[in-house]
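Worksheet: the structure to be examined is printed underneath.
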Amino acid sequence: MEKKLCGAKTRNSEPCRKAALANGRCRLHGGKSTGPKDRSKLKGNKNALKHGQYEAIWLDTLTEEERELYVLVSTDPTAQVRNRFKLSEIRIRRMMERIKQEQQKEKPNPAAIRAIEEAITRVEMNMVNLIRESSRLLEMQGNKSDGSLDKLAEILDQARKKYFN
């Protein structure tokens, strides 16, 4: 019995010579996946959206409420760091509430509690980075010249011209 070959076009434009699965293609060229059976589940990438971290957001796709928020968001770096720090505190509080709810169950899941605790640790590490960033911003603001050195240099330059010319 001759084995059925995949036959899909490979990168070097030759037919694939791997063994085909039931649908006629090998595992590398779509042999295992047949896609959703229900056409309503064909939603593109939104079907896989779990948390939204990698979601592309375009200005023209914002809702009216999001547009209002967009205008209100400060672009000042110090305010940004401060707001992220406050949101991190709220996030930790919510996670602590989830731990409390899990512990109050008749059979608490220790793995779920441990996962939440690990997430709290990650948020706290982000908060440490925010504190560092805040310190850097304060240093940068402290190093900004108020113009007094420039004024002094200008006065000295005028004195040199007056007395040495």
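We label chains A, B, ... in the order they appear in the structure tokens, count residues from 1 in each chain, and number ligands from 1 in the order shown.
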I want to know what sits within 10 Å of Leu130 in chain A, based on only C-alpha atoms, with residues of the same chain fewer than 6 positions away left out; could you give that as a VMD selection string?
chain A and resid 80 to 82 84 to 85 88 124 136
Selection file, N, CA and C atoms, as an mmCIF file, in the first residue's frame:
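Everything below was put into out_39.cif:
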```cif
data_model
loop_
_atom_site.group_PDB
_atom_site.id
_atom_site.type_symbol
_atom_site.label_atom_id
_atom_site.label_comp_id
_atom_site.auth_asym_id
_atom_site.auth_seq_id
_atom_site.Cartn_x
_atom_site.Cartn_y
_atom_site.Cartn_z
ATOM 1 N N GLN A 80 1.295 60.205 34.767
ATOM 2 C CA GLN A 80 1.130 58.842 34.270
ATOM 3 C C GLN A 80 1.630 57.819 35.294
ATOM 4 N N VAL A 81 2.819 58.056 35.838
ATOM 5 C CA VAL A 81 3.383 57.140 36.825
ATOM 6 C C VAL A 81 2.495 57.091 38.062
ATOM 7 N N ARG A 82 2.040 58.245 38.511
ATOM 8 C CA ARG A 82 1.178 58.327 39.697
ATOM 9 C C ARG A 82 -0.121 57.551 39.465
ATOM 10 N N ARG A 84 -0.700 55.074 37.284
ATOM 11 C CA ARG A 84 -0.443 53.635 37.201
ATOM 12 C C ARG A 84 -0.213 53.046 38.590
ATOM 13 N N PHE A 85 0.445 53.795 39.460
ATOM 14 C CA PHE A 85 0.667 53.329 40.826
ATOM 15 C C PHE A 85 -0.667 53.166 41.546
ATOM 16 N N SER A 88 -2.493 50.171 40.296
ATOM 17 C CA SER A 88 -1.871 48.946 40.811
ATOM 18 C C SER A 88 -2.361 48.635 42.219
ATOM 19 N N GLU A 124 3.310 43.911 42.360
ATOM 20 C CA GLU A 124 4.185 44.634 43.287
ATOM 21 C C GLU A 124 5.538 44.929 42.652
ATOM 22 N N ARG A 136 13.366 58.787 39.052
ATOM 23 C CA ARG A 136 14.103 59.327 37.903
ATOM 24 C C ARG A 136 13.468 60.617 37.399
#
```
Selection near Cys6 in chain A, 7 Å with only C-alpha atoms, sequence-local residues under 5 positions removed, as a PyMOL selection string
chain A and resi 16-20+24-26
Keeping only C-alpha atoms, write the selected residues as an mmCIF file, in the first residue's frame.
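Dumped everything to part-v8.cif:
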```
data_model
loop_
_atom_site.group_PDB
_atom_site.id
_atom_site.type_symbol
_atom_site.label_atom_id
_atom_site.label_comp_id
_atom_site.auth_asym_id
_atom_site.auth_seq_id
_atom_site.Cartn_x
_atom_site.Cartn_y
_atom_site.Cartn_z
ATOM 1 C CA CYS A 16 5.490 18.367 0.557
ATOM 2 C CA ARG A 17 6.478 14.726 0.867
ATOM 3 C CA LYS A 18 5.208 14.086 4.406
ATOM 4 C CA ALA A 19 2.447 11.579 5.051
ATOM 5 C CA ALA A 20 -1.043 13.047 4.742
ATOM 6 C CA GLY A 24 -5.208 15.095 2.735
ATOM 7 C CA ARG A 25 -2.589 17.363 4.364
ATOM 8 C CA CYS A 26 0.220 16.693 6.826
#
```
Write out as an mmCIF file with C-alpha atoms, in the first residue's frame the residues lying within 8 Å of Leu137 in chain A, counting only C-alpha atoms and excluding same-chain residues fewer than 3 positions away.
```
data_model
loop_
_atom_site.group_PDB
_atom_site.id
_atom_site.type_symbol
_atom_site.label_atom_id
_atom_site.label_comp_id
_atom_site.auth_asym_id
_atom_site.auth_seq_id
_atom_site.Cartn_x
_atom_site.Cartn_y
_atom_site.Cartn_z
ATOM 1 C CA PRO A 77 5.003 61.532 32.740
ATOM 2 C CA THR A 78 4.745 62.205 36.474
ATOM 3 C CA GLU A 133 10.579 55.716 37.386
ATOM 4 C CA SER A 134 9.066 58.327 39.674
ATOM 5 C CA MET A 140 15.214 65.067 35.973
ATOM 6 C CA GLN A 141 12.910 67.828 37.162
#
```
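Across the model, the gap from CA of Ile57 in chain A to CA of Asn129 in chain A is 25.4 Å.
Coordinates place CA of Leu138 in chain A at a distance of 12.5 Å from CA of Asp76 in chain A.
With only C-alpha atoms as the basis for measurement, A:Arg114 is the residue among A:Lys162, A:Lys86, A:Arg114, A:His29 that approaches Arg98 in chain A most closely.
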Taking the backbone alone, and naming residues the way the document does, which bits of range 48-117 of chain A are helix (DSSP H, G or I) by DSSP, as number ranges by chain?
A: 48, 59-61, 64-72, 77-103, 110-117
Expected file: the selected residues, N, CA and C atoms, as a CSV table (one decimal), in the first residue's frame:
```csv
chain,number,residue,atom,x,y,z
A,48,ALA,N,-10.1,34.9,19.9
A,48,ALA,CA,-9.1,34.5,20.8
A,48,ALA,C,-8.8,35.5,21.9
A,59,LEU,N,-7.8,55.1,16.9
A,59,LEU,CA,-8.6,56.2,17.4
A,59,LEU,C,-10.0,56.2,16.8
A,60,ASP,N,-10.2,55.9,15.5
A,60,ASP,CA,-11.5,55.9,14.9
A,60,ASP,C,-12.4,54.7,15.4
A,61,THR,N,-11.9,53.8,16.1
A,61,THR,CA,-12.7,52.7,16.6
A,61,THR,C,-13.2,52.9,18.1
A,64,GLU,N,-17.8,56.4,22.2
A,64,GLU,CA,-17.9,57.8,22.7
A,64,GLU,C,-17.3,58.0,24.1
A,65,GLU,N,-17.6,57.0,25.0
A,65,GLU,CA,-17.0,57.1,26.3
A,65,GLU,C,-15.5,57.0,26.3
A,66,GLU,N,-14.9,56.2,25.4
A,66,GLU,CA,-13.5,56.0,25.4
A,66,GLU,C,-12.9,57.3,24.8
A,67,ARG,N,-13.5,57.9,23.8
A,67,ARG,CA,-13.0,59.2,23.3
A,67,ARG,C,-12.9,60.3,24.4
A,68,GLU,N,-13.9,60.3,25.2
A,68,GLU,CA,-13.9,61.3,26.3
A,68,GLU,C,-12.8,61.0,27.3
A,69,LEU,N,-12.5,59.7,27.6
A,69,LEU,CA,-11.4,59.3,28.4
A,69,LEU,C,-10.1,59.7,27.7
A,70,TYR,N,-10.0,59.4,26.4
A,70,TYR,CA,-8.8,59.7,25.7
A,70,TYR,C,-8.4,61.2,25.8
A,71,VAL,N,-9.3,62.1,25.8
A,71,VAL,CA,-9.1,63.5,25.9
A,71,VAL,C,-8.6,63.8,27.3
A,72,LEU,N,-9.2,63.2,28.3
A,72,LEU,CA,-8.9,63.5,29.7
A,72,LEU,C,-7.5,62.9,30.2
A,77,PRO,N,4.4,62.8,32.3
A,77,PRO,CA,5.0,61.5,32.7
A,77,PRO,C,4.8,61.3,34.2
A,78,THR,N,4.9,62.4,35.0
A,78,THR,CA,4.7,62.2,36.5
A,78,THR,C,3.3,61.8,36.8
A,79,ALA,N,2.3,62.4,36.1
A,79,ALA,CA,0.9,62.0,36.3
A,79,ALA,C,0.7,60.6,35.9
A,80,GLN,N,1.3,60.2,34.8
A,80,GLN,CA,1.1,58.8,34.3
A,80,GLN,C,1.6,57.8,35.3
A,81,VAL,N,2.8,58.1,35.8
A,81,VAL,CA,3.4,57.1,36.8
A,81,VAL,C,2.5,57.1,38.1
A,82,ARG,N,2.0,58.2,38.5
A,82,ARG,CA,1.2,58.3,39.7
A,82,ARG,C,-0.1,57.6,39.5
A,83,ASN,N,-0.7,57.7,38.3
A,83,ASN,CA,-2.0,57.0,38.0
A,83,ASN,C,-1.8,55.5,37.9
A,84,ARG,N,-0.7,55.1,37.3
A,84,ARG,CA,-0.4,53.6,37.2
A,84,ARG,C,-0.2,53.0,38.6
A,85,PHE,N,0.4,53.8,39.5
A,85,PHE,CA,0.7,53.3,40.8
A,85,PHE,C,-0.7,53.2,41.5
A,86,LYS,N,-1.5,54.2,41.4
A,86,LYS,CA,-2.9,54.1,42.1
A,86,LYS,C,-3.7,52.9,41.5
A,87,LEU,N,-3.6,52.7,40.2
A,87,LEU,CA,-4.4,51.6,39.6
A,87,LEU,C,-3.8,50.2,40.1
A,88,SER,N,-2.5,50.2,40.3
A,88,SER,CA,-1.9,48.9,40.8
A,88,SER,C,-2.4,48.6,42.2
A,89,GLU,N,-2.5,49.7,43.0
A,89,GLU,CA,-3.0,49.5,44.4
A,89,GLU,C,-4.5,48.9,44.3
A,90,ILE,N,-5.3,49.4,43.4
A,90,ILE,CA,-6.6,48.9,43.3
A,90,ILE,C,-6.6,47.5,42.8
A,91,ARG,N,-5.7,47.2,41.8
A,91,ARG,CA,-5.6,45.8,41.3
A,91,ARG,C,-5.2,44.8,42.4
A,92,ILE,N,-4.3,45.2,43.3
A,92,ILE,CA,-3.9,44.4,44.4
A,92,ILE,C,-5.1,44.1,45.3
A,93,ARG,N,-5.8,45.2,45.6
A,93,ARG,CA,-7.0,45.1,46.5
A,93,ARG,C,-8.0,44.1,45.9
A,94,ARG,N,-8.3,44.2,44.6
A,94,ARG,CA,-9.2,43.2,44.0
A,94,ARG,C,-8.7,41.8,44.1
A,95,MET,N,-7.4,41.6,43.9
A,95,MET,CA,-6.9,40.3,44.0
A,95,MET,C,-6.9,39.7,45.4
A,96,MET,N,-6.7,40.6,46.4
A,96,MET,CA,-6.9,40.2,47.8
A,96,MET,C,-8.3,39.8,48.1
A,97,GLU,N,-9.3,40.5,47.5
A,97,GLU,CA,-10.7,40.1,47.6
A,97,GLU,C,-10.9,38.7,47.0
A,98,ARG,N,-10.3,38.4,45.9
A,98,ARG,CA,-10.5,37.1,45.2
A,98,ARG,C,-9.9,36.0,46.1
A,99,ILE,N,-8.8,36.3,46.8
A,99,ILE,CA,-8.2,35.3,47.7
A,99,ILE,C,-9.2,35.1,48.8
A,100,LYS,N,-9.7,36.1,49.4
A,100,LYS,CA,-10.7,36.0,50.5
A,100,LYS,C,-11.9,35.2,50.1
A,101,GLN,N,-12.4,35.5,48.9
A,101,GLN,CA,-13.6,34.7,48.4
A,101,GLN,C,-13.2,33.2,48.3
A,102,GLU,N,-12.0,33.0,47.7
A,102,GLU,CA,-11.6,31.6,47.5
A,102,GLU,C,-11.5,30.9,48.9
A,103,GLN,N,-10.9,31.6,49.9
A,103,GLN,CA,-10.7,31.0,51.2
A,103,GLN,C,-12.1,30.7,51.9
A,110,PRO,N,-6.2,25.6,46.6
A,110,PRO,CA,-4.9,26.2,46.9
A,110,PRO,C,-4.1,26.6,45.7
A,111,ALA,N,-4.3,26.0,44.6
A,111,ALA,CA,-3.6,26.4,43.3
A,111,ALA,C,-4.1,27.7,42.9
A,112,ALA,N,-5.4,28.0,43.0
A,112,ALA,CA,-6.0,29.3,42.6
A,112,ALA,C,-5.4,30.4,43.5
A,113,ILE,N,-5.4,30.1,44.8
A,113,ILE,CA,-4.8,31.1,45.7
A,113,ILE,C,-3.4,31.4,45.4
A,114,ARG,N,-2.6,30.4,45.2
A,114,ARG,CA,-1.2,30.5,44.9
A,114,ARG,C,-1.0,31.3,43.6
A,115,ALA,N,-1.9,31.1,42.6
A,115,ALA,CA,-1.8,31.8,41.3
A,115,ALA,C,-2.1,33.3,41.5
A,116,ILE,N,-3.0,33.6,42.4
A,116,ILE,CA,-3.4,35.0,42.7
A,116,ILE,C,-2.2,35.7,43.4
A,117,GLU,N,-1.7,34.9,44.4
A,117,GLU,CA,-0.5,35.5,45.1
A,117,GLU,C,0.7,35.8,44.2
```
